[in-house]
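Quick notes on the structure that follows.
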Protein chains: 2
Amino acid sequence: MIDTVEVKEAILTDNGIEGAKVRKSMEEKGIYLLNLMGSPGAGKTSVLVKTIEALKGEMNIGVMEADVDSTVDAETVEKAGARAIQLHTGGACHLDAAMTREGLDRFDLDGLDLVIVENVGNLVCPAEFDIGAEKRAIVFSVPEGDDKPLKYPLMFEKADIILVNKMDTISYFDFDMERFKSNVNKRNDRNIPVIPISAINGEGLDEFFSFLWEGLSSLRRK
Amino acid sequence: MIDTVEVKEAILTDNGIEGAKVRKSMEEKGIYLLNLMGSPGAGKTSVLVKTIEALKGEMNIGVMEADVDSTVDAETVEKAGARAIQLHTGGACHLDAAMTREGLDRFDLDGLDLVIVENVGNLVCPAEFDIGAEKRAIVFSVPEGDDKPLKYPLMFEKADIILVNKMDTISYFDFDMERFKSNVNKRNDRNIPVIPISAINGEGLDEFFSFLWEGLSSLRRK
């Protein structure tokens, strides 16, 4: 049974301050918080399911699923073996830090190593809000086209890692990975990892898992 | 050379009133205004290009391209043979009626039959704003998945027509058209057309063109 929290956008709080508070509190608990963003249908939930299935013996994973409506994704990740909670944004197109804190307050964090927040499927608005995560990951997908970093600049500027999903279908689309990487570099000069993956056949996911292990380990050394 | 207009979101105007004004003014000019929405990479621009190429001898088409940044799409549709203008939303994730009016004021509407506004690629926010169009069309695509009407309810509730693009790739994805239509019907009880198309091979586009001709003809009978 999925617990569902109706979260509301904070109007009067300073999101930056609230984000820093969330981050500090999670760091003190030794829990790595990841903000997972991407377009509708890019494959965020499928990547989550594969991640949970691969790591569940070694890492305790919790998932907060943000959606305008429905509990489809929370049910899916719970079935895969993660502790899950559903956040309903009540029409809001993104999460902010206060909404994230509200969700975390209602979530049983005991014993967790990693909490992944699946943000609302949207390549624009979620980029504007620091929700208090350690890192921001984008699940992008081949069918969306290699030109998108030019059109959604902030999302690509803010990303710490980009997973390029649906690589198993690349021969059916006009997608050039080098052109995509070059477009990412126009928006982001931090030389972030851009990892070709397939949530269907598992290609490239080990590299993502290493990113998570490294992140968790570095957080706990702080 | 593409004319670019930096448009700003209206804070104090009533969007509903402004939308009705835009609609009335376009109806008086006998120009059919279509709001084209969809996720990043669903194929809005490709559908536009095919539409312009097919109809340009018979219908005078203007395109207003809304983007957070870049003029890529406006250049593409201009090359295809339409009059085009670029609207930069300055970070805003949608168009509102005032932004649309600002764009139309700067656009040469003389002799046009149809103006298509390609909204910001986003399945959430643009649904909330009446921009003054006669109809709202969604370009959706097979790789996004047949569950999306459940997760982005308002967009599907407000749609007057849905084009399901990238049908040429359907055998590579787990997409069930009947399930998709049934999910659409859960959000929208107006029995709207859901048309399988491919902007690559042209499948289904004639049905979309008929929708445009009918719309234009009905507007001019008003």
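By convention in this document, the chains of the structure tokens carry letters A, B, ... by their order, each chain's residues are numbered from 1, and ligands are numbered from 1 in the order they are shown.
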- Task: For range 212-217 of chain B, please output as a VMD selection string all residues within 9 Å (counting only C-alpha atoms; exclusion window: fewer than 3 positions along the same chain).
- Result: chain B and resid 30 to 32 34 59 113 to 114 134 to 135 207 to 209 220 to 222
- Task: Give as an MDAnalysis selection string every residue of chain A that touches chain B within 9 Å, counting only C-alpha atoms.
- Result: chainID A and resid 39:43 67:72 91:93 120:125 143:145 147:148 150:154 168:169 172:173
Residues as selected, C-alpha atoms, written as a PDB file, in the first residue's frame, can you do that?
ATOM      1  CA  SER A  39      11.076  14.400 -19.954  1.00  0.00           C
ATOM      2  CA  PRO A  40       7.848  12.402 -19.752  1.00  0.00           C
ATOM      3  CA  GLY A  41       8.626   8.922 -21.004  1.00  0.00           C
ATOM      4  CA  ALA A  42      12.424   9.247 -20.978  1.00  0.00           C
ATOM      5  CA  GLY A  43      12.559   6.147 -18.782  1.00  0.00           C
ATOM      6  CA  ASP A  67       3.656  13.183  -9.968  1.00  0.00           C
ATOM      7  CA  VAL A  68       0.924  15.606 -10.769  1.00  0.00           C
ATOM      8  CA  ASP A  69      -1.432  12.679 -10.255  1.00  0.00           C
ATOM      9  CA  SER A  70      -1.545   8.848 -10.129  1.00  0.00           C
ATOM     10  CA  THR A  71       0.449   6.367  -8.035  1.00  0.00           C
ATOM     11  CA  VAL A  72       1.525   4.178 -10.961  1.00  0.00           C
ATOM     12  CA  GLY A  91      -0.799  20.438 -10.490  1.00  0.00           C
ATOM     13  CA  ALA A  92       2.660  21.884  -9.818  1.00  0.00           C
ATOM     14  CA  CYS A  93       5.141  21.101 -12.573  1.00  0.00           C
ATOM     15  CA  VAL A 120       7.844  15.480 -12.316  1.00  0.00           C
ATOM     16  CA  GLY A 121       8.480  14.555 -15.976  1.00  0.00           C
ATOM     17  CA  ASN A 122       9.451  17.937 -17.336  1.00  0.00           C
ATOM     18  CA  LEU A 123      12.640  19.248 -18.926  1.00  0.00           C
ATOM     19  CA  VAL A 124      12.020  22.875 -17.938  1.00  0.00           C
ATOM     20  CA  CYS A 125      10.728  23.727 -14.464  1.00  0.00           C
ATOM     21  CA  PRO A 143      14.048   9.421 -29.380  1.00  0.00           C
ATOM     22  CA  GLU A 144      14.026  12.950 -27.894  1.00  0.00           C
ATOM     23  CA  GLY A 145      16.785  14.045 -30.287  1.00  0.00           C
ATOM     24  CA  ASP A 147      19.495  18.919 -30.187  1.00  0.00           C
ATOM     25  CA  LYS A 148      17.639  19.185 -26.874  1.00  0.00           C
ATOM     26  CA  LEU A 150      20.181  23.747 -26.972  1.00  0.00           C
ATOM     27  CA  LYS A 151      16.463  24.097 -26.277  1.00  0.00           C
ATOM     28  CA  TYR A 152      16.363  23.252 -22.556  1.00  0.00           C
ATOM     29  CA  PRO A 153      19.538  25.003 -21.418  1.00  0.00           C
ATOM     30  CA  LEU A 154      19.038  25.198 -17.649  1.00  0.00           C
ATOM     31  CA  ASP A 168      18.761  -0.269 -27.881  1.00  0.00           C
ATOM     32  CA  THR A 169      16.649   1.768 -30.353  1.00  0.00           C
ATOM     33  CA  TYR A 172      15.856   3.704 -35.689  1.00  0.00           C
ATOM     34  CA  PHE A 173      16.479   7.349 -34.846  1.00  0.00           C
TER      35      PHE A 173
END
- Task: Could you pull out the residues in range 15-167 of chain B that DSSP calls strand (DSSP E or B) from the backbone, as a PyMOL selection string?
- Result: chain B and resi 32-37+61-67+83-88+114-118+135-141+161-165
